[in-house]
Structure formats: structure tokens, C-alpha cells
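Engineer: Got a structure here, written out as C-alpha cells. Questions coming.
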Amino acid sequence: MDVVGELEKLPELTDSGRPAWQQPLLLLWAAGRAAQGLPRMALWLSVKDELNALFSQFRAPGDRSFSPDRWFIALAQTPFWEISVDADQTPAPGGSVSLSGWMAWRDPEGGLVSSAYHSLARDDVRALFSKEIAKRFFAGKSVADLLRLAHVDVEVSTEPRVQEALLRRVSRSIRVASWVRERHAHSCQVCGQRLMLPGGNAYAETAHIKPLGKPFNGPDAVENTLCLCPNDHTRFDRGAILIEDDLSIIDAITGKNIGELRTVSGHNVEVSYLAWHRDYFRNHV
Ligand SMILES: [Zn+2]
């Protein structure tokens with residue numbers, strides 16, 4: 001989904017004319033989860049304390065509705081978010097059932113819809129998304145703090161010169177990704193699948209072997225990029241598949257060799273990044 005374009009549908013002001021920062025803040029938090037590879041959906045009680053602490057930092061004098069619980073539910077009325085209960089099962093605002101009590105009892109799961117989660121897992125998309133949120137909803141707040149929250153590792157300054165550098169970096173990232181996808185004709189380098197969409201378009205994703213940004217600082221270069229289908233992208237990013245220096249693919253769950261990485265002339269993968277990825281997951285899972 002076009003996560004940046006869809007932001008236009010979020011109201012910038014509340015009914016009382018105050019800046020509506022709650023939904024954008026929840027989206028930034030969720031984008032940060034996507035960046036870290038955390039599960040897309042989260043149980044309310046498992047994230048409640050974290051969200052309460054976060055929301056309390058952004059509360060301005062006179063803000064009502066600074067508690068995250070109602071936003072965790074209400075955001076499901078936007079294209080970005082889903083919850084594990086039907087909207088008509090949630091307590092009506094101002095009704096006889098207290099929302100906080102109901103949430104403690106029902107413990108709903110909430111999270112980004114799948115297409116938004118996968119878009120926001122991408123560094124380049126998340127950078128644009130976070131900047132747009134900072135501009136539209138958090139005028140006067142530290143943009144750098146907001147981007148850190150969303151795990152966007154970019155130098156940010158209000159100086160136009162620095163913003164241009166950021167945009168150049170984002171557009172380079174998009175060029176690298178589309179070059180790799182086109183080089184492989186949108187076929188997955190692990191399973192060979194070419195996912196077709198209506199209109200004759202094929203869909204593929206790109207994965208950075210060594211992640212960009214802190215703390216890993218992988219390069220935004222074609223040698224560090226794979227063309228993958230969404231399933232294999234998730235498997236690779238979460239360490240369920242590992243690739244040996246000879247390009248054989250190992251299923252990390254069974255330990256079995258499940259094939260060989262597909263290659264095309266002109267796109268060479270740097271084996272030292274594959275080694276980094278194997279070592280990282282063999283030491284961290
Ligand atoms: Zn695949």
C-alpha cells in the first residue's frame with residue numbers, strides 16, 4: 001500500500017481543534033516494530049506499558065484522549081491498522097462499559113495491516129513516511145526524536161541542504177532496489193516464484209542481507225541486496241533461511257539444504273554479507 005499517500009486520510013486536528021498526534025504516534029511506533037522485525041500484531045496487555053510511557057511523553061497541556069487504549073482500537077478505522085475483534089464488539093465511547101476494563105479483559109491484538117507492515121519494514125519507505133508524519137502532525141517537535149522512535153537511521157536537520165542529502169539517499173535506495181528486482185524479472189532468488197498481480201505486473205521485494213542503518217550499517221548496494229518473494233523475504237529477515245558461501249540455501253529449522261540461490265549475470269552477491277547474516281542468526285536465535 002502507498003503508506004505515505006494514505007496519511008492524507010488521517011485528520012490533522014481533533015474535533016476541538018488541537019493537533020491530532022495520537023494516531024500518527026501509534027503508527028510511528030508500529031513502523032519501529034516493522035523495522036526491528038517484531039511481530040506485526042501485538043496483544044494489548046503485552047505493549048500497554050510501553051505505549052502508555054510513549055504517549056505520556058507527547059501529551060501537551062490540555063490534551064484529552066492522551067491514553068493509547070482507545071487509539072489502539074480506533075486506528076482500525078483507517079486503512080493502516082487491524083484488530084483481532086470486530087468493531088461492533090468494542091465498547092462505545094462514553095458507553096456504560098469502560099474501555100480500559102474491557103481491554104484488560106478482552107486483550108485484543110492490534111497491528112499494521114500486512115501490506116503496510118511490509119512497506120514500513122523498508123528503510124527507504126519508512127524514512128519518507130516518518131518525515132511526512134513529522135511534518136504534518138508534529139510541527140515543533142524534534143524530528144530526530146520521532147525518526148529514532150521509528151528506527152529510521154537518517155541524519156535529519158531543518159536545513160534544506162541536509163534534507164536534500166536525505167532525499168538523495170532515499171532515491172538511491174529506491175534505485176538500487178528497483179534495479180535488483182528488474183534484473184531478476186521479479187522472480188524470487190530462493191524459490192523462483194514470480195508473483196503476478198492484476199494488470200500483468202509481477203511483484204517482488206528486496207532484502208538487505210546486512211541491514212542498513214545502526215547498529216549493523218550494511219551498505220545500500222546491489223551486492224548487499226536480494227530479490228525475494230514476500231514469504232522468503234520474511235524467512236530470510238528472520239533467519240529461517242541461511243545462505244552458504246557456495247550459494248546453497250539452508251533451512252535453519254531443519255538444517256537441510258533446500259536448493260541454491262538463483263543468480264543472474266550482472267548481479268553478484270557479496271559472500272561476506274551472507275557470512276555476516278549466517279553468523280548473526282546462528283548466534284542470536
Ligand atoms: Zn520465494
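Labels used: A, B, ... for chains in the order of the C-alpha cells, numbers from 1 for residues in each chain, and numbers from 1 for ligands as shown.
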Counting only C-alpha atoms and all ligand atoms, which protein, DNA or RNA residues come within 6 Å of ligand 1, given as a list in words?
Structural biologist: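 Using only C-alpha atoms and all ligand atoms, I find these residues within 6 Å of ligand 1: Cys188, Val190, Cys191, Gly192, Gln193, Leu228, Cys229 and Asp232 of chain A.
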Engineer: Within 8 Å of A:Leu242, counting only C-alpha atoms, which residues show up once you throw out same-chain ones fewer than 2 positions away? Write them as a PyMOL selection string, please.
Structural biologist: chain A and resi 236+239-240+244+249-252+274+277-278
Engineer: Could you please write out, as a list in words, every residue of stretch 98-279 of chain A that DSSP assigns to strand (DSSP E or B)?
Structural biologist: Glu109, Gly110, Gly111, Leu112, Leu195, Met196, Ala202, Tyr203, Glu205, Thr206, Ala207, His208, Thr225, Leu226, Cys227, Leu228, Ile241, Leu242, Ile243, Ser248, Ile249, Ile250, Asp251, Asn257, Ile258, Gly259, Glu260, Val264 and His267 of chain A
Engineer: Give the alpha helix (DSSP H) residues of stretch 26-271 of chain A, as DSSP finds them on the backbone, and put them as a VMD selection string.
Structural biologist: chain A and resid 26 to 36 44 to 58 68 to 74 99 to 106 114 to 120 123 to 137 143 to 149 160 to 183 230 to 237 271
Engineer: A:Arg238, A:Gly266, A:Ile209, A:Leu54: which is nearest A:Leu226, counting only C-alpha atoms?
Structural biologist: A:Ile209
Engineer: Kindly indicate which residue among A:His184, A:Asp237, A:Asp107, A:Gln89 lies nearest to A:Phe281, using only C-alpha atoms for the distances.
Structural biologist: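 Checking each candidate against A:Phe281, we get A:Asp237 as the closest.
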Engineer: For stretch 82-84 of chain A, find every residue with an atom within 9 Å (counting only C-alpha atoms), except residues of its own chain fewer than 4 positions away, and show them as a count of residues only.
Structural biologist: 13
Engineer: Can you work out the spacing between atom CA of A:Ala35 and atom CA of A:Ala121 in Å, to one decimal?
Structural biologist: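 Separation of atom CA of A:Ala35 and atom CA of A:Ala121: 4.8 Å.
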Engineer: Taking only C-alpha atoms into account, name the residue in A:Leu197, A:Ile174, A:Ala150, A:Ile243 that is nearest to A:Ala127.
Structural biologist: A:Ala150
Engineer: Measure the distance from atom CA of A:Pro79 to atom CA of A:Asn231 in Å and round it to one decimal.
Structural biologist: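 Interatomic distance here is 22.4 Å.
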Engineer: Using Å and a single decimal, report how far atom CA of A:Leu212 sits from atom CA of A:Glu8.
Structural biologist: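 For atom CA of A:Glu8 relative to atom CA of A:Leu212, the distance reads 28.1 Å.
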Engineer: Any idea what's packed within 9 Å of stretch 97-103 of chain A, counting only C-alpha atoms, ignoring anything in its chain fewer than 6 positions away? Could you give it as a VMD selection string?
Structural biologist: chain A and resid 44 to 45 69 to 70 90 to 91
Engineer: Fewer than 6 positions away in the same chain doesn't count, so skip those; otherwise give me all residues within 9 Å of A:Ser187, counting only C-alpha atoms, as a compact mmCIF listing (two decimals) with C-alpha atoms, in the first residue's frame.
Structural biologist:
```txt
# COMPACT_ATOMS: atom_id res chain seq x y z
CA ARG A 181 14.08 -6.53 -8.92
CA GLN A 193 8.30 -17.81 -7.80
CA ARG A 194 7.17 -14.79 -9.79
CA LEU A 195 4.12 -13.37 -8.05
CA ALA A 202 4.88 -9.03 -11.24
CA TYR A 203 5.68 -8.33 -7.60
CA ALA A 204 8.90 -8.97 -5.71
CA CYS A 227 15.26 -10.17 -4.86
CA LEU A 228 12.76 -12.29 -2.89
CA CYS A 229 9.08 -13.19 -2.73
```
Engineer: For A:Arg40, which residue out of A:Ser119, A:Asn52, A:Ser130, A:Thr263 is the nearest one, using only C-alpha atoms?
Structural biologist: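 Checking each candidate against A:Arg40, we get A:Ser119 as the closest.
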Engineer: I'd like to know which of A:Asp88, A:Glu132, A:Asp123, A:Asp245 is closest to A:Gly213, using only C-alpha atoms.
Structural biologist: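 Of A:Asp88, A:Glu132, A:Asp123, A:Asp245, the one nearest A:Gly213 is A:Asp123, counting only C-alpha atoms.
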